[in-house]
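Engineer: Pasting structure.txt below, which is compact mmCIF, C-alpha atoms.
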# COMPACT_ATOMS: atom_id res chain seq x y z
CA MET A 1 -10.76 2.64 11.23
CA SER A 2 -8.14 1.42 8.81
CA ARG A 3 -8.75 4.54 6.73
CA SER A 4 -7.42 6.84 9.43
CA VAL A 5 -3.76 6.25 8.62
CA PRO A 6 -3.97 7.36 4.95
CA GLU A 7 -5.74 10.51 6.14
CA VAL A 8 -2.83 11.25 8.48
CA GLN A 9 -0.34 10.66 5.69
CA ARG A 10 -2.21 12.89 3.28
CA PHE A 11 -2.35 15.66 5.83
CA SER A 12 1.37 15.37 6.52
CA ASN A 13 2.18 15.62 2.83
CA THR A 14 0.10 18.77 2.39
CA SER A 15 1.55 20.57 5.41
CA SER A 16 3.84 23.53 4.93
CA SER A 17 6.87 21.73 6.31
CA PRO A 18 8.87 19.46 3.99
CA PRO A 19 8.89 15.72 4.73
CA LEU A 20 11.63 14.60 7.08
CA LYS A 21 14.41 12.57 5.45
CA SER A 22 17.47 10.83 6.75
CA VAL A 23 20.91 12.41 6.54
CA SER A 24 22.29 9.58 4.40
CA GLU A 25 19.62 10.10 1.72
CA ASP A 26 20.33 13.82 1.60
CA ARG A 27 24.05 13.19 1.20
CA GLN A 28 23.49 10.69 -1.58
CA LYS A 29 21.32 13.11 -3.51
CA LYS A 30 23.78 15.94 -3.03
CA ALA A 31 26.62 13.73 -4.19
CA ALA A 32 24.77 12.68 -7.33
CA PHE A 33 23.40 16.13 -8.19
CA PRO A 34 25.22 18.90 -6.33
CA GLN A 35 23.84 21.82 -8.36
CA GLY A 36 21.54 22.24 -11.30
CA LYS A 37 20.02 19.49 -13.42
CA GLY A 38 21.57 16.08 -14.01
CA TRP A 39 22.05 16.35 -17.80
CA GLU A 40 23.82 19.70 -17.44
CA LEU A 41 26.35 18.18 -15.02
CA TRP A 42 27.10 15.23 -17.28
CA LEU A 43 27.47 17.57 -20.27
CA VAL A 44 30.08 19.59 -18.38
CA ARG A 45 31.91 16.40 -17.36
CA LEU A 46 31.93 15.18 -20.97
CA PHE A 47 33.38 18.51 -22.04
CA VAL A 48 36.18 18.15 -19.45
CA VAL A 49 37.07 14.66 -20.74
CA VAL A 50 37.08 15.72 -24.38
CA GLY A 51 39.02 18.90 -23.62
CA ALA A 52 41.74 17.14 -21.59
CA THR A 53 42.14 14.40 -24.22
CA THR A 54 42.39 16.91 -27.10
CA LEU A 55 44.82 19.15 -25.21
CA CYS A 56 47.24 16.31 -24.45
CA TYR A 57 46.94 14.99 -28.03
CA ARG A 58 47.93 18.41 -29.47
CA LEU A 59 50.63 19.31 -26.94
CA ALA A 60 52.25 15.83 -26.79
CA PRO A 61 53.54 15.93 -23.16
CA PHE A 62 56.48 13.79 -21.98
CA GLY A 63 57.48 13.21 -25.60
CA LEU A 64 54.36 11.14 -26.27
CA ARG A 65 52.46 11.56 -29.54
CA GLY A 66 49.23 10.27 -30.96
CA ALA A 67 47.21 7.73 -29.01
CA PRO A 68 49.53 7.56 -25.96
CA ALA A 69 49.24 11.33 -25.46
CA ALA A 70 45.44 11.16 -25.81
CA GLY A 71 45.38 8.31 -23.27
CA VAL A 72 47.30 10.45 -20.76
CA GLY A 73 44.75 13.23 -21.24
CA PHE A 74 41.85 10.79 -20.74
CA LEU A 75 43.38 9.44 -17.51
CA LEU A 76 43.93 13.00 -16.27
CA ALA A 77 40.25 13.79 -16.91
CA LEU A 78 39.18 10.66 -15.00
CA VAL A 79 41.32 11.69 -12.02
CA ILE A 80 39.71 15.14 -12.04
CA LEU A 81 36.17 13.69 -12.18
CA LEU A 82 36.88 11.23 -9.36
CA ALA A 83 38.24 14.05 -7.23
CA GLU A 84 35.11 16.11 -7.99
CA LEU A 85 32.79 13.25 -6.96
CA ARG A 86 34.78 12.64 -3.79
CA LEU A 87 34.86 16.29 -2.76
CA SER A 88 31.15 16.76 -3.45
CA ARG A 89 30.38 14.29 -0.63
CA ALA A 90 32.53 16.15 1.87
CA GLY A 91 31.04 18.78 4.15
CA ILE A 92 32.12 22.38 4.35
CA GLY A 93 34.27 21.57 7.37
CA GLY A 94 36.13 18.80 5.53
CA LEU A 95 36.75 21.01 2.48
CA LEU A 96 38.04 23.88 4.60
CA GLY A 97 40.27 21.60 6.65
CA GLY A 98 41.63 19.87 3.51
CA ALA A 99 42.47 23.18 1.84
CA LEU A 100 44.30 24.48 4.89
CA GLY A 101 46.13 21.16 5.26
CA ALA A 102 47.25 21.21 1.61
CA VAL A 103 48.62 24.75 2.00
CA TRP A 104 50.47 23.64 5.13
CA GLY A 105 51.92 20.65 3.21
CA ILE A 106 53.20 22.87 0.38
CA PHE A 107 55.01 25.19 2.77
CA SER A 108 56.49 22.22 4.65
CA ALA A 109 57.69 20.67 1.39
CA LEU A 110 59.28 24.00 0.41
CA LEU A 111 61.31 24.07 3.63
CA VAL A 112 62.42 20.47 3.10
CA THR A 113 63.51 21.17 -0.51
CA LEU A 114 65.62 24.13 0.69
CA ILE A 115 67.47 21.79 3.01
CA ILE A 116 67.85 19.09 0.34
CA SER A 117 69.26 21.57 -2.19
CA ARG A 118 72.22 22.28 0.14
CA THR A 119 73.26 18.66 0.45
CA SER A 120 76.05 17.00 -1.53
CA GLN A 121 73.80 14.42 -3.19
CA SER A 122 73.58 14.04 -6.95
CA GLU A 123 71.00 15.99 -8.95
CA PRO A 124 68.73 12.98 -9.72
CA THR A 125 68.65 12.09 -6.03
CA LYS A 126 67.89 15.68 -5.05
CA ALA A 127 65.08 15.88 -7.61
CA PHE A 128 63.59 12.60 -6.36
CA LEU A 129 63.70 13.71 -2.72
CA GLU A 130 62.15 17.10 -3.55
CA TYR A 131 59.23 15.60 -5.49
CA ALA A 132 58.73 12.90 -2.87
CA ALA A 133 58.64 15.51 -0.08
CA LEU A 134 56.16 17.65 -2.06
CA PHE A 135 53.73 14.78 -2.70
CA ALA A 136 54.09 13.36 0.82
CA PHE A 137 53.50 16.63 2.70
CA VAL A 138 50.63 17.73 0.44
CA TYR A 139 48.95 14.34 0.82
CA LEU A 140 49.37 14.29 4.61
CA GLY A 141 48.14 17.86 4.95
CA LEU A 142 45.10 17.20 2.76
CA MET A 143 44.05 14.01 4.56
CA LEU A 144 44.71 15.17 8.10
CA GLY A 145 43.13 18.56 7.50
CA SER A 146 40.03 16.97 5.94
CA GLN A 147 39.56 14.53 8.84
CA SER A 148 40.03 17.28 11.42
CA GLY A 149 37.71 19.64 9.56
CA ARG A 150 34.85 17.13 9.71
CA LYS A 151 34.75 17.53 13.48
CA LEU A 152 34.02 21.24 13.12
CA ASN A 153 30.34 22.21 13.23
CA VAL A 154 30.48 24.74 10.41
CA ALA A 155 27.13 25.88 9.07
CA ALA A 156 27.02 27.11 5.49
CA PRO A 157 23.52 28.32 4.57
CA ALA A 158 24.82 29.91 1.36
CA ALA A 159 26.20 26.59 0.11
CA MET A 160 22.82 24.85 0.38
CA PRO A 161 20.29 24.83 -2.47
CA SER A 162 17.69 27.57 -2.44
CA GLY A 163 14.54 26.85 -0.48
CA GLU A 164 16.23 24.39 1.93
CA ARG A 165 17.23 24.98 5.53
CA PRO A 166 20.36 23.63 7.18
CA PRO A 167 19.60 20.35 9.04
CA LEU A 168 20.29 21.82 12.47
CA GLU A 169 16.75 21.81 13.92
CA PRO A 170 16.18 19.49 16.90
CA ILE A 171 14.15 16.34 16.27
CA LYS A 172 11.91 14.59 18.80
CA LEU A 173 10.58 11.09 18.03
CA LEU A 174 7.09 10.36 19.37
CA ASP A 175 6.33 6.91 20.77
CA THR A 176 3.00 5.07 20.56
CA SER A 177 2.40 5.39 24.31
CA VAL A 178 2.70 9.18 24.34
CA LEU A 179 0.24 9.52 21.44
CA ILE A 180 -2.31 7.25 23.12
CA ASP A 181 -1.88 9.17 26.40
CA GLY A 182 -2.85 12.44 24.69
CA ARG A 183 -1.23 14.91 27.08
CA ILE A 184 1.51 15.61 24.55
CA ALA A 185 -1.04 17.60 22.53
CA ASP A 186 -1.73 19.89 25.48
CA VAL A 187 2.00 20.35 26.09
CA SER A 188 2.55 21.21 22.42
CA GLU A 189 -0.39 23.59 22.39
CA ALA A 190 1.17 25.44 25.33
CA HIS A 191 4.37 26.09 23.26
CA PHE A 192 6.57 23.97 25.53
CA LEU A 193 8.00 21.90 22.63
CA ASP A 194 10.05 23.27 19.75
CA GLY A 195 11.72 21.75 16.71
CA VAL A 196 10.39 18.85 14.66
CA LEU A 197 8.02 16.29 16.21
CA ALA A 198 8.59 13.19 14.07
CA VAL A 199 6.38 10.10 14.03
CA PRO A 200 8.20 7.10 12.50
CA GLN A 201 6.30 4.95 10.05
CA PHE A 202 6.61 1.84 12.24
CA VAL A 203 5.07 3.74 15.19
CA LEU A 204 2.16 4.79 12.98
CA HIS A 205 1.77 1.18 11.83
CA GLU A 206 1.66 -0.05 15.44
CA LEU A 207 -0.94 2.60 16.22
CA GLN A 208 -3.04 1.34 13.32
CA LEU A 209 -2.80 -2.24 14.59
CA VAL A 210 -3.99 -1.13 18.02
CA ALA A 211 -6.87 0.81 16.42
CA ASP A 212 -7.91 -2.30 14.43
CA SER A 213 -7.70 -4.64 17.45
CA PRO A 214 -10.76 -6.80 18.21
CA ASP A 215 -10.53 -5.70 21.84
CA SER A 216 -12.79 -2.70 22.33
CA LEU A 217 -10.50 -1.08 24.93
CA LYS A 218 -7.41 -1.35 22.71
CA ARG A 219 -9.40 -0.16 19.70
CA GLN A 220 -10.51 2.92 21.61
CA ARG A 221 -6.94 3.66 22.69
CA GLY A 222 -5.66 3.38 19.11
CA ARG A 223 -8.35 5.71 17.80
CA ARG A 224 -7.48 8.20 20.51
CA GLY A 225 -3.83 8.11 19.42
CA LEU A 226 -4.75 8.85 15.80
CA GLU A 227 -7.03 11.68 16.86
CA VAL A 228 -4.28 13.20 19.01
CA LEU A 229 -1.85 13.03 16.06
CA GLN A 230 -4.32 14.75 13.73
CA ARG A 231 -4.96 17.41 16.38
CA MET A 232 -1.24 18.14 16.66
CA GLN A 233 -0.86 18.36 12.88
CA LYS A 234 -3.52 21.06 12.77
CA MET A 235 -1.59 23.27 15.20
CA PRO A 236 0.08 26.02 13.13
CA HIS A 237 3.07 26.42 15.43
CA VAL A 238 3.89 22.68 15.69
CA ASP A 239 5.95 20.97 12.98
CA VAL A 240 4.74 17.35 12.88
CA ARG A 241 6.24 15.08 10.20
CA ILE A 242 5.82 11.45 9.25
CA PHE A 243 9.24 9.81 9.10
CA GLU A 244 9.68 7.05 6.53
CA GLN A 245 12.79 4.97 7.23
CA ASP A 246 13.25 1.57 5.59
CA LEU A 247 16.94 1.02 6.43
CA LEU A 248 16.46 0.11 10.10
CA PRO A 249 17.28 -3.41 11.34
CA ALA A 250 14.47 -5.84 12.04
CA GLY A 251 13.11 -5.89 15.58
CA ASP A 252 10.37 -4.58 17.81
CA VAL A 253 9.20 -0.98 17.83
CA ASP A 254 11.25 0.03 20.88
CA HIS A 255 14.49 -1.29 19.35
CA LYS A 256 13.83 0.52 16.06
CA LEU A 257 12.99 3.74 17.89
CA VAL A 258 16.23 3.64 19.90
CA GLU A 259 18.30 2.88 16.79
CA LEU A 260 16.64 5.69 14.83
CA ALA A 261 17.21 8.17 17.66
CA ARG A 262 20.89 7.19 17.74
CA GLN A 263 21.28 7.71 13.97
CA LEU A 264 19.58 11.12 13.96
CA GLY A 265 20.80 12.35 17.34
CA ALA A 266 17.15 12.89 18.28
CA LYS A 267 15.26 12.78 21.57
CA ILE A 268 12.56 10.22 22.39
CA VAL A 269 9.21 11.35 23.80
CA THR A 270 7.53 8.46 25.61
CA ASN A 271 5.57 7.32 28.66
CA ASP A 272 6.94 3.76 28.58
CA PHE A 273 9.01 3.07 31.69
CA ASN A 274 11.08 0.27 30.12
CA LEU A 275 11.82 2.26 26.94
CA ASN A 276 12.84 5.19 29.11
CA LYS A 277 15.37 3.05 31.00
CA VAL A 278 16.79 1.37 27.88
CA ALA A 279 17.26 4.67 26.04
CA THR A 280 18.81 6.34 29.09
CA VAL A 281 21.30 3.48 29.56
CA GLN A 282 22.40 3.88 25.93
CA GLY A 283 23.04 7.60 26.41
CA LEU A 284 19.95 8.95 24.60
CA SER A 285 17.85 11.88 25.76
CA VAL A 286 14.30 10.96 26.80
CA LEU A 287 11.36 13.29 27.48
CA ASN A 288 8.87 11.53 29.78
CA VAL A 289 5.45 13.17 30.05
CA ASN A 290 4.76 11.39 33.36
CA GLN A 291 7.87 12.91 34.91
CA LEU A 292 6.81 16.31 33.59
CA ALA A 293 3.36 15.91 35.14
CA ASN A 294 4.86 14.91 38.52
CA ALA A 295 7.20 17.89 38.41
CA LEU A 296 4.30 20.27 37.76
CA LYS A 297 2.19 19.07 40.68
CA PRO A 298 1.70 21.73 43.39
CA VAL A 299 4.02 21.54 46.36
CA VAL A 300 2.22 20.75 49.62
CA LEU A 301 3.98 21.22 52.95
CA PRO A 302 3.07 19.70 56.32
CA GLY A 303 0.76 21.97 58.31
CA GLU A 304 -1.03 23.52 55.33
CA PRO A 305 -4.84 23.50 55.32
CA MET A 306 -6.75 21.87 52.48
CA ARG A 307 -10.35 21.14 51.57
CA VAL A 308 -11.06 17.78 49.93
CA LEU A 309 -13.99 15.51 49.09
CA ILE A 310 -13.88 12.13 50.84
CA LEU A 311 -14.70 9.47 48.22
CA ARG A 312 -14.07 6.09 49.82
CA GLU A 313 -12.73 4.24 52.84
CA GLY A 314 -9.03 3.76 53.48
CA LYS A 315 -7.11 0.58 54.22
CA GLU A 316 -6.65 1.41 57.88
CA PRO A 317 -9.61 1.73 60.29
CA ASN A 318 -11.31 5.13 60.43
CA GLN A 319 -9.48 6.40 57.33
CA GLY A 320 -10.98 8.23 54.38
CA VAL A 321 -9.45 8.68 50.92
CA ALA A 322 -9.78 11.74 48.68
CA TYR A 323 -8.15 12.78 45.39
CA LEU A 324 -6.90 16.12 44.15
CA ASP A 325 -7.59 17.44 40.65
CA ASP A 326 -4.24 16.09 39.38
CA GLY A 327 -4.94 12.59 40.74
CA THR A 328 -2.85 12.82 43.91
CA MET A 329 -4.20 10.53 46.66
CA VAL A 330 -5.01 12.14 50.03
CA VAL A 331 -5.43 9.84 53.06
CA VAL A 332 -7.33 11.49 55.94
CA ASP A 333 -7.43 10.04 59.46
CA GLY A 334 -10.83 10.01 61.12
CA ALA A 335 -12.78 10.71 57.94
CA ARG A 336 -14.38 7.34 57.36
CA ARG A 337 -17.77 8.59 58.57
CA LEU A 338 -17.59 11.60 56.22
CA ILE A 339 -17.73 9.81 52.83
CA ASN A 340 -19.18 11.95 50.02
CA LYS A 341 -18.65 15.08 52.11
CA SER A 342 -16.22 17.96 51.67
CA VAL A 343 -14.09 18.50 54.77
CA ASP A 344 -11.24 20.76 55.85
CA ILE A 345 -8.05 18.90 56.70
CA GLN A 346 -4.55 19.72 57.81
CA VAL A 347 -1.59 18.09 56.02
CA THR A 348 0.59 16.01 58.32
CA SER A 349 3.11 14.47 55.88
CA VAL A 350 3.87 14.01 52.17
CA HIS A 351 5.43 10.85 50.74
CA GLN A 352 6.90 10.40 47.23
CA THR A 353 6.51 6.86 45.87
CA THR A 354 7.24 5.20 42.53
CA ALA A 355 3.54 5.48 41.66
CA GLY A 356 3.38 9.17 42.53
CA LYS A 357 2.89 11.46 45.49
CA MET A 358 0.72 10.62 48.53
CA ILE A 359 -0.55 13.17 51.05
CA PHE A 360 -1.53 12.24 54.60
CA GLY A 361 -3.67 14.51 56.73
CA ARG A 362 -6.15 14.73 59.59
CA LEU A 363 -9.36 16.61 60.15
CA ASP A 364 -8.94 20.25 61.01
CA GLU A 365 -10.25 20.53 64.61
CA ARG A 366 -10.66 24.29 64.45
CA ALA A 367 -12.80 24.07 61.35
CA GLU A 368 -14.84 21.28 62.91
CA GLN A 369 -15.39 23.30 66.08
CA SER A 370 -16.31 26.44 64.15
CA ALA A 371 -18.72 24.43 62.01
CA GLY A 372 -20.11 22.55 65.05
CA ALA A 373 -21.00 25.69 67.06
CA PRO A 374 -23.68 26.89 64.63
CA ARG A 375 -25.11 23.38 64.50
CA GLN A 376 -25.33 23.21 68.31
CA ALA A 377 -26.95 26.64 68.45
CA ALA A 378 -29.47 25.63 65.82
CA ALA A 379 -30.24 22.42 67.73
CA ALA A 380 -30.65 24.34 70.99
CA ALA A 381 -32.93 26.87 69.32
CA ALA A 382 -34.97 24.08 67.83
CA GLY A 383 -35.29 22.43 71.27
CA ALA A 384 -36.39 25.67 73.00
CA GLY A 385 -38.91 26.34 70.29
CA GLY A 386 -40.38 22.87 70.78
CA VAL A 387 -40.86 23.41 74.51
CA GLU A 388 -42.50 26.80 73.96
CA ASN A 389 -44.84 25.43 71.36
CA ALA A 390 -45.72 22.59 73.67
CA ALA A 391 -46.55 25.10 76.43
CA ARG A 392 -48.83 27.01 74.11
CA LEU A 393 -50.94 23.98 73.17
CA PRO A 394 -54.58 24.23 74.41
CA GLU A 395 -55.70 21.93 77.15
CA PRO A 396 -58.11 19.16 76.25
CA PRO A 397 -61.77 20.06 76.83
CA LYS A 398 -63.51 18.82 79.95
CA PHE A 399 -67.11 17.75 80.42
CA GLU A 400 -69.07 17.74 83.68
CA ARG A 401 -71.13 14.65 84.39
CA GLY A 402 -72.84 15.04 87.66
CA GLN A 403 -70.40 16.34 90.25
CA ARG A 404 -67.11 15.10 88.57
CA SER A 405 -65.11 16.72 85.87
CA ILE A 406 -64.39 14.13 83.27
CA SER A 407 -61.80 14.70 80.54
CA SER A 408 -62.51 13.56 77.03
CA GLU A 409 -60.85 10.25 76.37
CA PRO A 410 -61.08 7.98 73.43
CA ASP A 411 -63.60 5.27 73.66
CA GLY A 412 -62.04 2.09 74.79
CA ASP A 413 -64.48 0.09 72.78
As structure tokens - that is how I would like this structure written.
Structural biologist:
Amino acid sequence: MSRSVPEVQRFSNTSSSPPLKSVSEDRQKKAAFPQGKGWELWLVRLFVVVGATTLCYRLAPFGLRGAPAAGVGFLLALVILLAELRLSRAGIGGLLGGALGAVWGIFSALLVTLIISRTSQSEPTKAFLEYAALFAFVYLGLMLGSQSGRKLNVAAPAAMPSGERPPLEPIKLLDTSVLIDGRIADVSEAHFLDGVLAVPQFVLHELQLVADSPDSLKRQRGRRGLEVLQRMQKMPHVDVRIFEQDLLPAGDVDHKLVELARQLGAKIVTNDFNLNKVATVQGLSVLNVNQLANALKPVVLPGEPMRVLILREGKEPNQGVAYLDDGTMVVVDGARRLINKSVDIQVTSVHQTTAGKMIFGRLDERAEQSAGAPRQAAAAAAGAGGVENAARLPEPPKFERGQRSISSEPDGD
């Protein structure tokens, strides 16, 4: 059974959907290699450094000549490269906000310099105040605009590399319990789930441990979970991916699943009651298959007729218990004598408990009377037929011995 997990991984790698990766890894790769190949980028950066150094060496700015001028050009190139690396990590919202903030800072500095030029200060003081206002307002506009722009959800499909989609698709993390349960496959097959259904690596590892358990019941449950996962991966309309995340803190599977859902902004699909409560308390969205099944059960109102099969005795005297197709328990008064028989009942009340829904009912008297009349007629007909047949029986033969008529009787001897 230990070979089942590599088969799942191989199938996930050959699927049409790309493997799911964390946002931090994508940002690191984009920061290191924004466009094109790596050696082309470093060649362009080397050209910028050499060009800036040569230009300052030939032009001799600020009265500097020789090595000092070349050093100024080299420092200028480093500043440009650092700005390029920093801006490559920013999103489209941060870049747009920073550009608008810088423009706002330039116009604000221009207004301040117009006021400073009309003062009676000396020229060196005016020049210092003008340059200080320009740098201060441009810096404030750039920083504030960049921070405000990050809050904007601006999608830029054209800015992404070819062949990749913007990471805006919803993600749902599958728990071990929901895979072992198996109903998630039926829900997915009915097109009720969209987006990416992700199975973290630690959940798959726990499923493998359950499948390799020495307990036969646990081993069967683990194998069922792996079979359900493979069935879902073969569905063409379902995007199932194996999530490999090694940066999560140490802890149990539930803690890792909650932390991963918080990092990705994903929803958790589970049947575990405790995990459902913990995730809900922390503000995460949880999809519980048990709650979905309870919500889809048919609504039964008091007074409705129903036909059920009595399977066993109830706790109270003279009670019978039946079950609907969805597992709902039906308690019927007066049906203890009708075990293993299908009867017509009338619903008296419906109770919702923590374990599910319970229906209470009693035998339908009208159905019983309508069913009892043919039985009584058949019994009466059978009784009349017996009397008539008895009347038609021939009399026993008689023999005359002397002057008495003697009936044939069995010999006493």
Engineer: Would you kindly return, as JSON, numbers by chain, each protein, DNA or RNA residue with an atom no farther than 9 Å from any atom of range 339-356 of chain A, considering only C-alpha atoms and excluding same-chain residues fewer than 3 positions away?
Structural biologist: {"A": [294, 300, 301, 302, 303, 304, 305, 306, 307, 308, 309, 310, 311, 312, 313, 320, 321, 328, 329, 332, 335, 336, 359, 360, 361, 362, 363, 364, 365, 367, 368]}
Engineer: Could you check the closest approach to Val286 in chain A for each of A:Leu75, A:Ala69, A:Met235, A:Leu174 and tell me which residue wins, using all atoms listed in the file?
Structural biologist: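 So, comparing all the options, the nearest one is A:Leu174.
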Engineer: Any idea what the distance is between CA of Ser148 in chain A and CA of Gly97 in chain A?
Structural biologist: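 Separating CA of Ser148 in chain A from CA of Gly97 in chain A is a distance of 6.4 Å.
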Engineer: What is the CA of Ile180 in chain A-CA of Pro200 in chain A distance in Å, reported with one decimal?
Structural biologist: 14.9 Å
Engineer: Distance CA of Ser146 in chain A-CA of Val79 in chain A, one decimal place?
Structural biologist: 18.8 Å
Engineer: I need the residue nearest Leu81 in chain A from this list: A:Ile116, A:Gly101, A:Ala67, A:Leu41. Use all atoms listed in the file for the distance.
Structural biologist: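 Under the stated criterion, the closest residue is A:Leu41.
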Engineer: Which is closer to Leu257 in chain A than all the others in A:Leu110, A:Val178, A:Ala279, A:Ala322, using all atoms listed in the file?
Structural biologist: A:Ala279
Engineer: With distances taken over only C-alpha atoms, which of A:Lys277, A:Arg241, A:Arg45, A:Lys218 is nearest to Asp254 in chain A?
Structural biologist: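 Smallest distance to Asp254 in chain A is found for A:Lys277.
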Engineer: Identify the residues around (-1.6, -2.7, 17.3) within a radius of 12 Å, measuring from all atoms listed in the file in the coordinates stated by the file, and give them as a list in words.
Structural biologist: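 Residues with an atom close enough to that point: Ser2, Thr176, Ser177, Ile180, Phe202, Val203, Leu204, His205, Glu206, Leu207, Gln208, Leu209, Val210, Ala211, Asp212, Ser213, Pro214, Asp215, Leu217, Lys218, Arg219, Gln220, Arg221, Gly222, Arg223, Gly225 and Val253 of chain A.
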Engineer: So that I can see what lies close to Glu130 in chain A, please list as a PDB file with C-alpha atoms, in the coordinates of the input the residues with an atom at most 12 Å from it, counting only C-alpha atoms and leaving out residues fewer than 2 positions away in the same chain.
Structural biologist:
ATOM      1  CA  ILE A 106      53.200  22.870   0.380  1.00  0.00           C
ATOM      2  CA  SER A 108      56.490  22.220   4.650  1.00  0.00           C
ATOM      3  CA  ALA A 109      57.690  20.670   1.390  1.00  0.00           C
ATOM      4  CA  LEU A 110      59.280  24.000   0.410  1.00  0.00           C
ATOM      5  CA  LEU A 111      61.310  24.070   3.630  1.00  0.00           C
ATOM      6  CA  VAL A 112      62.420  20.470   3.100  1.00  0.00           C
ATOM      7  CA  THR A 113      63.510  21.170  -0.510  1.00  0.00           C
ATOM      8  CA  LEU A 114      65.620  24.130   0.690  1.00  0.00           C
ATOM      9  CA  ILE A 115      67.470  21.790   3.010  1.00  0.00           C
ATOM     10  CA  ILE A 116      67.850  19.090   0.340  1.00  0.00           C
ATOM     11  CA  SER A 117      69.260  21.570  -2.190  1.00  0.00           C
ATOM     12  CA  ARG A 118      72.220  22.280   0.140  1.00  0.00           C
ATOM     13  CA  THR A 119      73.260  18.660   0.450  1.00  0.00           C
ATOM     14  CA  GLN A 121      73.800  14.420  -3.190  1.00  0.00           C
ATOM     15  CA  GLU A 123      71.000  15.990  -8.950  1.00  0.00           C
ATOM     16  CA  PRO A 124      68.730  12.980  -9.720  1.00  0.00           C
ATOM     17  CA  THR A 125      68.650  12.090  -6.030  1.00  0.00           C
ATOM     18  CA  LYS A 126      67.890  15.680  -5.050  1.00  0.00           C
ATOM     19  CA  ALA A 127      65.080  15.880  -7.610  1.00  0.00           C
ATOM     20  CA  PHE A 128      63.590  12.600  -6.360  1.00  0.00           C
ATOM     21  CA  ALA A 132      58.730  12.900  -2.870  1.00  0.00           C
ATOM     22  CA  ALA A 133      58.640  15.510  -0.080  1.00  0.00           C
ATOM     23  CA  LEU A 134      56.160  17.650  -2.060  1.00  0.00           C
ATOM     24  CA  PHE A 135      53.730  14.780  -2.700  1.00  0.00           C
ATOM     25  CA  ALA A 136      54.090  13.360   0.820  1.00  0.00           C
ATOM     26  CA  PHE A 137      53.500  16.630   2.700  1.00  0.00           C
TER      27      PHE A 137
END
Engineer: Between A:His255, A:Arg262, A:Lys267, A:His191, which has the minimum distance to His237 in chain A (counting all atoms listed in the file)?
Structural biologist: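 Of the candidates, the smallest distance to His237 in chain A is held by A:His191.
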Engineer: Because the input lacks atoms here, generate N, CA and C atoms for range 75-87 of chain A and report them as a PDB file, in the frame of the given file.
Structural biologist:
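What landed in out_28.pdb:
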ATOM      1  N   LEU A  75      43.158   9.818 -18.911  1.00  0.00           N
ATOM      2  CA  LEU A  75      43.380   9.440 -17.510  1.00  0.00           C
ATOM      3  C   LEU A  75      43.372  10.651 -16.589  1.00  0.00           C
ATOM      4  N   LEU A  76      43.937  11.779 -17.072  1.00  0.00           N
ATOM      5  CA  LEU A  76      43.930  13.000 -16.270  1.00  0.00           C
ATOM      6  C   LEU A  76      42.494  13.483 -16.034  1.00  0.00           C
ATOM      7  N   ALA A  77      41.653  13.380 -17.072  1.00  0.00           N
ATOM      8  CA  ALA A  77      40.250  13.790 -16.910  1.00  0.00           C
ATOM      9  C   ALA A  77      39.523  12.886 -15.919  1.00  0.00           C
ATOM     10  N   LEU A  78      39.802  11.569 -15.955  1.00  0.00           N
ATOM     11  CA  LEU A  78      39.180  10.660 -15.000  1.00  0.00           C
ATOM     12  C   LEU A  78      39.577  10.990 -13.567  1.00  0.00           C
ATOM     13  N   VAL A  79      40.860  11.324 -13.370  1.00  0.00           N
ATOM     14  CA  VAL A  79      41.320  11.690 -12.020  1.00  0.00           C
ATOM     15  C   VAL A  79      40.593  12.946 -11.533  1.00  0.00           C
ATOM     16  N   ILE A  80      40.405  13.907 -12.434  1.00  0.00           N
ATOM     17  CA  ILE A  80      39.710  15.140 -12.040  1.00  0.00           C
ATOM     18  C   ILE A  80      38.245  14.855 -11.677  1.00  0.00           C
ATOM     19  N   LEU A  81      37.572  14.008 -12.462  1.00  0.00           N
ATOM     20  CA  LEU A  81      36.170  13.690 -12.180  1.00  0.00           C
ATOM     21  C   LEU A  81      36.021  12.903 -10.884  1.00  0.00           C
ATOM     22  N   LEU A  82      36.940  11.967 -10.626  1.00  0.00           N
ATOM     23  CA  LEU A  82      36.880  11.230  -9.360  1.00  0.00           C
ATOM     24  C   LEU A  82      37.111  12.144  -8.162  1.00  0.00           C
ATOM     25  N   ALA A  83      38.019  13.090  -8.307  1.00  0.00           N
ATOM     26  CA  ALA A  83      38.240  14.050  -7.230  1.00  0.00           C
ATOM     27  C   ALA A  83      37.000  14.922  -7.006  1.00  0.00           C
ATOM     28  N   GLU A  84      36.321  15.284  -8.117  1.00  0.00           N
ATOM     29  CA  GLU A  84      35.110  16.110  -7.990  1.00  0.00           C
ATOM     30  C   GLU A  84      33.992  15.341  -7.268  1.00  0.00           C
ATOM     31  N   LEU A  85      33.811  14.056  -7.623  1.00  0.00           N
ATOM     32  CA  LEU A  85      32.790  13.250  -6.960  1.00  0.00           C
ATOM     33  C   LEU A  85      33.115  13.039  -5.484  1.00  0.00           C
ATOM     34  N   ARG A  86      34.387  12.857  -5.188  1.00  0.00           N
ATOM     35  CA  ARG A  86      34.780  12.640  -3.790  1.00  0.00           C
ATOM     36  C   ARG A  86      34.603  13.907  -2.957  1.00  0.00           C
ATOM     37  N   LEU A  87      34.977  15.043  -3.512  1.00  0.00           N
ATOM     38  CA  LEU A  87      34.860  16.290  -2.760  1.00  0.00           C
ATOM     39  C   LEU A  87      33.422  16.753  -2.614  1.00  0.00           C
TER      40      LEU A  87
END
